[in-house]
$ cat target-v9.txt   # compact mmCIF, C-alpha atoms
# COMPACT_ATOMS: atom_id res chain seq x y z
CA MET X 1 70.38 61.23 -8.96
CA LEU X 2 68.85 57.76 -9.13
CA ARG X 3 69.25 57.34 -5.35
CA ALA X 4 67.57 60.72 -4.80
CA VAL X 5 64.66 59.76 -7.06
CA LEU X 6 64.28 56.40 -5.30
CA LEU X 7 64.41 58.09 -1.89
CA ALA X 8 61.73 60.57 -2.94
CA PHE X 9 59.58 57.73 -4.28
CA VAL X 10 59.90 55.78 -1.02
CA LEU X 11 59.02 58.92 0.94
CA LEU X 12 55.91 59.46 -1.17
CA LEU X 13 54.87 55.85 -0.64
CA SER X 14 55.33 56.22 3.12
CA MET X 15 53.24 59.39 3.18
CA ALA X 16 50.53 57.72 1.10
CA ALA X 17 50.56 54.70 3.42
CA ALA X 18 50.24 56.93 6.48
CA ALA X 19 47.32 58.80 4.93
CA GLN X 20 45.68 55.53 3.94
CA GLN X 21 46.13 54.14 7.44
CA SER X 22 44.14 57.00 8.97
CA MET X 23 41.36 56.79 6.36
CA ASP X 24 41.29 53.11 5.48
CA TYR X 25 37.81 52.61 6.88
CA ILE X 26 34.85 53.92 4.87
CA VAL X 27 31.31 53.30 6.12
CA ASP X 28 29.64 52.79 2.73
CA ARG X 29 32.45 50.64 1.36
CA ASP X 30 33.29 48.49 4.36
CA THR X 31 29.86 47.72 5.82
CA PRO X 32 29.39 43.91 5.68
CA GLU X 33 27.35 42.68 2.74
CA TRP X 34 24.87 40.97 5.07
CA PHE X 35 23.68 44.29 6.53
CA LYS X 36 20.14 45.16 5.45
CA LYS X 37 19.63 47.40 2.42
CA SER X 38 17.09 49.61 4.14
CA PHE X 39 14.93 52.53 2.99
CA LEU X 40 15.75 53.95 6.44
CA ASP X 41 12.17 54.17 7.67
CA PHE X 42 12.81 52.68 11.09
CA SER X 43 9.20 52.00 12.05
CA GLU X 44 8.94 49.87 8.91
CA ASP X 45 12.30 48.25 9.65
CA ALA X 46 11.20 47.34 13.19
CA ALA X 47 7.92 45.87 11.89
CA GLU X 48 9.65 43.90 9.13
CA ALA X 49 12.19 42.52 11.59
CA ALA X 50 9.44 41.57 14.07
CA ALA X 51 7.60 39.66 11.33
CA GLU X 52 10.70 37.47 11.00
CA ASN X 53 11.17 37.19 14.79
CA LYS X 54 14.14 39.56 14.59
CA ARG X 55 15.10 42.90 16.04
CA VAL X 56 16.82 45.95 14.55
CA MET X 57 20.40 47.03 15.17
CA ILE X 58 21.44 50.47 13.94
CA TYR X 59 25.17 50.99 13.52
CA PHE X 60 26.48 54.58 13.58
CA GLY X 61 30.00 54.93 12.15
CA GLN X 62 32.18 57.46 10.38
CA ASP X 63 34.89 57.35 7.75
CA GLY X 64 38.41 57.00 9.11
CA CYS X 65 37.21 55.72 12.50
CA PRO X 66 39.81 53.27 13.91
CA TYR X 67 37.33 51.85 16.44
CA CYS X 68 34.80 51.16 13.67
CA LYS X 69 37.55 49.36 11.77
CA LYS X 70 38.35 47.32 14.88
CA LEU X 71 34.70 46.31 15.18
CA HIS X 72 34.60 45.16 11.56
CA ASP X 73 38.04 43.55 11.44
CA LEU X 74 37.73 41.63 14.73
CA ASN X 75 34.12 41.25 15.90
CA TYR X 76 32.56 40.88 12.46
CA ARG X 77 35.11 38.23 11.47
CA GLN X 78 34.00 35.82 14.19
CA THR X 79 31.62 33.17 12.93
CA GLU X 80 29.58 32.97 16.14
CA ILE X 81 28.95 36.71 16.16
CA VAL X 82 28.07 36.92 12.48
CA THR X 83 25.74 33.92 12.70
CA LYS X 84 23.84 35.40 15.66
CA MET X 85 23.52 38.76 13.98
CA ARG X 86 22.33 37.36 10.68
CA ASN X 87 19.83 35.01 12.30
CA HIS X 88 18.38 37.39 14.89
CA LEU X 89 19.00 40.98 13.79
CA ASP X 90 18.40 43.25 10.84
CA SER X 91 21.56 45.37 10.91
CA ILE X 92 21.48 48.82 9.31
CA ALA X 93 24.46 51.15 8.83
CA LEU X 94 24.40 54.93 9.10
CA ASN X 95 27.14 57.55 8.76
CA ILE X 96 27.01 60.15 11.55
CA TYR X 97 28.02 62.81 9.00
CA GLY X 98 25.91 61.38 6.16
CA ASP X 99 23.13 63.09 4.22
CA LEU X 100 20.82 60.18 3.43
CA ASP X 101 17.17 60.78 4.36
CA THR X 102 15.77 58.77 7.26
CA VAL X 103 12.41 58.52 9.01
CA TRP X 104 12.73 57.92 12.72
CA VAL X 105 10.19 55.94 14.75
CA ASP X 106 8.54 59.20 15.84
CA GLY X 107 7.58 59.82 12.19
CA ASN X 108 9.94 62.78 11.78
CA GLU X 109 12.38 62.99 8.89
CA TYR X 110 16.09 63.54 9.50
CA SER X 111 19.30 63.29 7.54
CA GLU X 112 21.78 60.76 8.91
CA LYS X 113 23.76 63.47 10.69
CA GLU X 114 20.59 65.09 12.04
CA LEU X 115 19.40 61.74 13.38
CA ALA X 116 22.78 61.15 15.06
CA GLU X 117 22.41 64.54 16.76
CA ARG X 118 18.76 63.83 17.65
CA LEU X 119 19.82 60.55 19.34
CA SER X 120 22.85 62.10 21.09
CA ILE X 121 25.39 59.81 19.41
CA GLN X 122 28.71 60.82 20.99
CA PHE X 123 31.08 58.04 19.91
CA THR X 124 31.66 55.85 16.89
CA PRO X 125 30.92 53.07 16.61
CA THR X 126 27.61 53.31 18.47
CA LEU X 127 25.13 50.45 18.18
CA LEU X 128 21.44 50.98 18.94
CA PHE X 129 19.22 47.94 19.40
CA LEU X 130 15.48 48.40 18.92
CA ASP X 131 12.60 46.20 20.05
CA GLU X 132 9.59 45.23 17.94
CA GLN X 133 7.97 48.63 18.49
CA GLY X 134 11.11 50.55 17.59
CA ARG X 135 12.02 51.43 21.18
CA GLU X 136 15.69 51.56 22.15
CA ILE X 137 16.52 48.66 24.47
CA LEU X 138 20.31 48.81 24.47
CA ARG X 139 23.02 51.19 23.35
CA LEU X 140 26.69 50.25 22.99
CA ALA X 141 28.59 53.54 22.78
CA GLY X 142 32.11 52.88 21.55
CA TYR X 143 34.01 49.72 20.74
CA GLN X 144 33.46 46.60 22.85
CA PRO X 145 35.65 43.47 22.49
CA PRO X 146 34.09 40.21 21.25
CA LYS X 147 33.49 38.60 24.67
CA LYS X 148 31.32 41.42 25.99
CA PHE X 149 29.87 42.08 22.55
CA LYS X 150 28.52 38.51 22.49
CA ILE X 151 26.87 39.00 25.88
CA ALA X 152 25.20 42.17 24.61
CA LEU X 153 23.91 40.32 21.56
CA GLN X 154 22.50 37.55 23.74
CA TYR X 155 20.79 40.12 25.97
CA VAL X 156 18.96 41.52 22.94
CA ILE X 157 18.26 38.18 21.28
CA ASP X 158 16.85 36.61 24.47
CA LYS X 159 14.73 39.72 25.14
CA GLU X 160 16.16 40.21 28.62
CA GLU X 161 15.52 43.96 28.79
CA GLN X 162 13.36 43.67 31.90
CA GLU X 163 16.68 43.23 33.70
CA PRO X 164 19.08 46.20 33.54
CA PHE X 165 21.92 45.36 31.19
CA ALA X 166 24.53 46.16 33.85
CA ASP X 167 23.02 43.49 36.12
CA TYR X 168 22.72 41.01 33.24
CA LEU X 169 26.37 41.51 32.29
CA ARG X 170 27.53 40.88 35.85
CA ARG X 171 25.40 37.75 36.03
CA MET X 172 26.72 36.42 32.72
CA SER X 173 30.37 37.26 33.45
CA PRO X 174 30.89 36.75 37.20
CA PRO X 175 34.23 37.80 38.72
CA THR X 176 37.14 35.41 38.87
CA THR X 177 38.52 34.47 42.27
CA THR X 178 41.12 37.23 42.12
CA SER X 179 38.59 39.89 41.11
CA THR X 180 37.31 40.31 44.64
CA THR X 181 40.69 41.00 46.19
CA GLU X 182 41.32 44.44 47.62
CA ALA X 183 42.86 46.75 45.04
CA THR X 184 45.88 48.93 45.64
CA TYR X 185 45.28 52.22 43.86
CA PRO X 186 48.01 54.56 42.58
CA GLN X 187 49.24 57.23 44.97
CA LYS X 188 48.50 59.85 42.32
CA PHE X 189 44.80 59.07 42.72
CA VAL X 190 42.59 60.28 45.56
CA THR X 191 42.10 57.60 48.21
CA LEU X 192 38.76 56.14 49.25
CA PRO X 193 36.39 56.87 50.89
CA TYR X 194 35.53 60.11 49.11
CA ASP X 195 32.96 62.79 49.86
CA PHE X 196 31.51 63.70 46.46
CA ILE X 197 29.18 66.34 47.87
CA HIS X 198 31.54 68.27 50.14
CA ALA X 199 34.87 67.79 48.37
CA GLY X 200 34.33 71.11 46.58
CA LYS X 201 36.05 69.83 43.46
CA PRO X 202 34.84 68.01 40.34
CA THR X 203 35.97 64.40 39.96
CA ALA X 204 36.79 61.76 37.39
CA VAL X 205 36.13 58.20 38.54
CA LEU X 206 37.79 55.25 36.81
CA ILE X 207 35.78 52.07 37.32
CA SER X 208 37.94 49.01 36.75
CA GLN X 209 38.55 45.43 37.75
CA PRO X 210 41.63 43.19 38.07
CA GLN X 211 42.85 41.25 35.03
CA CYS X 212 41.55 43.94 32.66
CA THR X 213 44.04 45.05 30.00
CA ALA X 214 42.06 48.11 28.96
CA CYS X 215 41.72 49.15 32.62
CA ASN X 216 45.51 49.02 32.90
CA GLU X 217 45.87 51.20 29.80
CA TRP X 218 43.47 53.83 31.15
CA ARG X 219 45.16 53.77 34.56
CA ASP X 220 48.56 54.27 32.90
CA PHE X 221 47.18 57.25 30.99
CA LEU X 222 45.70 58.82 34.13
CA GLN X 223 49.07 58.48 35.89
CA SER X 224 51.04 59.85 32.92
CA GLU X 225 52.58 63.29 32.56
CA THR X 226 49.98 64.00 29.88
CA ALA X 227 47.27 63.76 32.51
CA VAL X 228 48.95 66.00 35.12
CA LEU X 229 46.87 69.00 34.03
CA TRP X 230 43.66 66.99 34.26
CA ARG X 231 44.52 65.68 37.74
CA GLN X 232 45.08 69.27 38.85
CA ALA X 233 41.70 70.30 37.46
CA ARG X 234 39.74 67.55 39.20
CA ASP X 235 40.20 64.73 41.65
CA VAL X 236 40.81 61.32 40.05
CA LEU X 237 39.88 58.17 41.92
CA GLU X 238 39.53 54.50 41.04
CA VAL X 239 36.74 52.13 42.05
CA ASN X 240 36.80 48.33 41.66
CA LEU X 241 33.72 46.84 40.00
CA TYR X 242 33.71 44.01 42.55
CA GLY X 243 35.62 45.71 45.36
CA LYS X 244 34.79 45.95 49.05
CA GLN X 245 36.37 49.26 50.05
CA GLU X 246 34.06 52.05 51.16
CA VAL X 247 33.55 54.61 48.39
CA MET X 248 31.42 56.96 50.43
CA HIS X 249 29.93 56.67 53.91
CA GLY X 250 28.06 53.38 54.24
CA MET X 251 28.49 52.27 50.62
CA GLY X 252 31.12 49.87 49.31
CA GLU X 253 32.62 49.80 45.83
CA ALA X 254 30.37 47.11 44.31
CA ALA X 255 27.19 48.77 45.61
CA TRP X 256 28.31 52.22 44.44
CA VAL X 257 29.13 50.93 40.96
CA ALA X 258 25.74 49.20 40.73
CA LYS X 259 24.06 52.48 41.66
CA GLN X 260 25.80 54.16 38.69
CA HIS X 261 24.37 51.50 36.31
CA VAL X 262 27.83 50.67 35.01
CA ALA X 263 27.87 47.78 32.55
CA PHE X 264 31.38 47.75 31.10
CA VAL X 265 34.88 48.24 32.45
CA PRO X 266 36.76 50.36 32.12
CA THR X 267 34.24 53.17 32.51
CA LEU X 268 35.17 56.76 33.26
CA ILE X 269 32.52 58.99 34.83
CA PHE X 270 32.92 62.73 35.27
CA PHE X 271 31.12 64.44 38.16
CA ASN X 272 30.82 68.16 38.84
CA ALA X 273 31.62 69.75 42.19
CA GLU X 274 28.06 69.05 43.34
CA GLY X 275 28.45 65.33 42.71
CA GLN X 276 26.24 65.28 39.60
CA GLU X 277 27.29 63.29 36.54
CA GLU X 278 28.45 65.38 33.58
CA PHE X 279 29.72 62.83 31.06
CA ARG X 280 30.85 59.21 30.83
CA ILE X 281 32.76 56.92 28.51
CA ASP X 282 32.26 53.16 28.63
CA GLY X 283 33.69 52.07 25.29
CA TYR X 284 37.33 51.35 24.52
CA LEU X 285 39.43 54.47 23.79
CA ARG X 286 43.14 55.06 23.26
CA ASP X 287 45.23 57.90 24.72
CA PHE X 288 44.42 60.67 22.23
CA HIS X 289 40.70 60.13 22.66
CA LEU X 290 41.00 59.90 26.46
CA ASP X 291 42.94 63.16 26.48
CA SER X 292 40.30 64.73 24.24
CA VAL X 293 37.47 63.60 26.51
CA PHE X 294 39.16 65.29 29.48
CA ASP X 295 39.65 68.44 27.40
CA TYR X 296 36.01 68.31 26.32
CA VAL X 297 34.70 68.05 29.90
CA VAL X 298 37.24 70.03 31.92
CA SER X 299 37.28 72.99 29.51
CA GLY X 300 33.49 73.12 29.60
CA ALA X 301 33.33 72.63 25.83
CA TYR X 302 30.58 70.04 26.31
CA LEU X 303 28.28 72.86 27.42
CA GLN X 304 28.67 74.72 24.10
CA GLN X 305 29.24 71.78 21.73
CA PRO X 306 26.94 68.86 22.62
CA GLU X 307 28.48 66.64 19.91
CA PHE X 308 31.76 65.18 21.13
CA GLN X 309 32.70 63.90 17.65
CA ARG X 310 32.63 67.42 16.20
CA PHE X 311 34.73 68.71 19.09
CA LEU X 312 37.16 65.82 18.56
CA GLN X 313 37.45 66.46 14.83
CA LYS X 314 38.16 70.17 15.36
CA ARG X 315 40.71 69.43 18.09
CA ALA X 316 42.57 66.93 15.91
CA ASP X 317 42.67 69.42 13.00
CA THR X 318 43.96 72.19 15.28
CA LEU X 319 46.74 69.98 16.66
CA ARG X 320 47.79 68.90 13.15
CA GLU X 321 47.96 72.56 12.06
CA GLN X 322 50.31 73.12 15.01
CA GLY X 323 52.54 70.31 13.77
CA VAL X 324 51.48 67.87 16.48
CA GLU X 325 51.21 64.21 15.46
CA VAL X 326 47.72 62.89 16.19
CA LYS X 327 47.70 59.15 16.88
CA LEU X 328 44.11 57.95 16.57
CA TRP X 329 45.03 54.35 17.41
$ encode --input "target-v9.txt" --output "structure tokens"
Amino acid sequence: MLRAVLLAFVLLLSMAAAAQQSMDYIVDRDTPEWFKKSFLDFSEDAAEAAAENKRVMIYFGQDGCPYCKKLHDLNYRQTEIVTKMRNHLDSIALNIYGDLDTVWVDGNEYSEKELAERLSIQFTPTLLFLDEQGREILRLAGYQPPKKFKIALQYVIDKEEQEPFADYLRRMSPPTTTSTTEATYPQKFVTLPYDFIHAGKPTAVLISQPQCTACNEWRDFLQSETAVLWRQARDVLEVNLYGKQEVMHGMGEAAWVAKQHVAFVPTLIFFNAEGQEEFRIDGYLRDFHLDSVFDYVVSGAYLQQPEFQRFLQKRADTLREQGVEVKLW
């Protein structure tokens, strides 16, 4: 009997730990203490920041978001990052499902969740950087690791917005010697060059570069059995950020990527059968979220539900009801 009681107790602890692991990030509780305590009138916030030679950063998060937790546990623990943010930015936290009242720079009032919808916030975390007049100068949609996060901060702090951020990022993080070598793409992917206009099929384009761990993870997912259905639904091809192969007639990889205004790798861009962009992801995602993005685009759900996070939440709940384990991280 004692062994049975102990076993039940251990099981309960394990279940509690699993539940805690999925919900161990709470926006209101875990926002760093050095974030601004704002009245959420963003015209006033922009003016107050400008008076101190600062700019405004708005952080959109949600409870239980593993990528938000990664941002706080890794990026916001680095002294250089925290020092730059405290000295040059007024950082303000919002919950994409929150009900606090805000006043946007257009003078209109919104709840937190209404403002997230108004600004088309698709991923958490999303960081919006505003200039002195409250205009958006940079958006980081999804988690970015410290190295690239620091470059984004410097772009905002140095007021470099006259230069497109994608160009600035390339200039500040030039390729290594091996980054310009010709890539060998998986046989399961469509080979280059590719005719986006006359292929008659929608596409998903993975933009990557050598020596990129996250690129390898996304490539592995796209080659996996999980992604077989998605590869049947649309052509999947890979383009090297610094590559020299011809993507389409007369345009090499590097030039094509620049034309798409790609800043980060990996980036995944979805095009319809007419070669027009439908959706993109350029923040770090794990397999469940990648699979959900494909479902969101390929099923056409993005046409009826413009908020990816709501689609994602409903999909996760449906899978759990079916007894499927949902691994958010």
$ residues_around --input "target-v9.txt" --residues "X:Lys113" --least-positions-apart "5" --cutoff "6 Å" --atoms "all atoms listed in the file" --output "list in words"
Ile96, Tyr97 and Gly98 of chain X
$ closest_residue --input "target-v9.txt" --among "X:Lys70, X:Lys150, X:Arg29, X:His88" --to "X:Lys54" --atoms "all atoms listed in the file"
X:His88
$ closest_residue --input "target-v9.txt" --among "X:Leu40, X:Leu169, X:Ala199, X:Cys215" --to "X:Asn108" --atoms "only C-alpha atoms"
X:Leu40
$ atom_distance --input "target-v9.txt" --atom1 "atom CA of X:Thr203" --atom2 "atom CA of X:Asp287"
19.0 Å
$ residues_around --input "target-v9.txt" --residues "X:Gly61" --least-positions-apart "6" --cutoff "8 Å" --atoms "all atoms listed in the file" --output "list in words"
Val27, Cys68, Ala93, Leu94, Asn95, Ile96, Thr124, Pro125 and Thr126 of chain X
$ atom_distance --input "target-v9.txt" --atom1 "atom CA of X:Glu225" --atom2 "atom CA of X:Phe311"
23.0 Å
$ atom_distance --input "target-v9.txt" --atom1 "atom CA of X:Ala204" --atom2 "atom CA of X:Lys244"
19.7 Å
$ residues_around --input "target-v9.txt" --residues "X:Lys69" --least-positions-apart "4" --cutoff "12 Å" --atoms "all atoms listed in the file" --output "mmCIF file with C-alpha atoms, in the coordinates of the input"
data_model
loop_
_atom_site.group_PDB
_atom_site.id
_atom_site.type_symbol
_atom_site.label_atom_id
_atom_site.label_comp_id
_atom_site.auth_asym_id
_atom_site.auth_seq_id
_atom_site.Cartn_x
_atom_site.Cartn_y
_atom_site.Cartn_z
ATOM 1 C CA GLN X 21 46.130 54.140 7.440
ATOM 2 C CA SER X 22 44.140 57.000 8.970
ATOM 3 C CA MET X 23 41.360 56.790 6.360
ATOM 4 C CA ASP X 24 41.290 53.110 5.480
ATOM 5 C CA TYR X 25 37.810 52.610 6.880
ATOM 6 C CA ILE X 26 34.850 53.920 4.870
ATOM 7 C CA VAL X 27 31.310 53.300 6.120
ATOM 8 C CA ARG X 29 32.450 50.640 1.360
ATOM 9 C CA ASP X 30 33.290 48.490 4.360
ATOM 10 C CA THR X 31 29.860 47.720 5.820
ATOM 11 C CA PRO X 32 29.390 43.910 5.680
ATOM 12 C CA GLY X 61 30.000 54.930 12.150
ATOM 13 C CA GLN X 62 32.180 57.460 10.380
ATOM 14 C CA ASP X 63 34.890 57.350 7.750
ATOM 15 C CA GLY X 64 38.410 57.000 9.110
ATOM 16 C CA CYS X 65 37.210 55.720 12.500
ATOM 17 C CA ASP X 73 38.040 43.550 11.440
ATOM 18 C CA LEU X 74 37.730 41.630 14.730
ATOM 19 C CA ASN X 75 34.120 41.250 15.900
ATOM 20 C CA TYR X 76 32.560 40.880 12.460
ATOM 21 C CA ARG X 77 35.110 38.230 11.470
ATOM 22 C CA THR X 124 31.660 55.850 16.890
ATOM 23 C CA PRO X 125 30.920 53.070 16.610
ATOM 24 C CA GLY X 142 32.110 52.880 21.550
ATOM 25 C CA TYR X 143 34.010 49.720 20.740
ATOM 26 C CA LEU X 328 44.110 57.950 16.570
ATOM 27 C CA TRP X 329 45.030 54.350 17.410
#
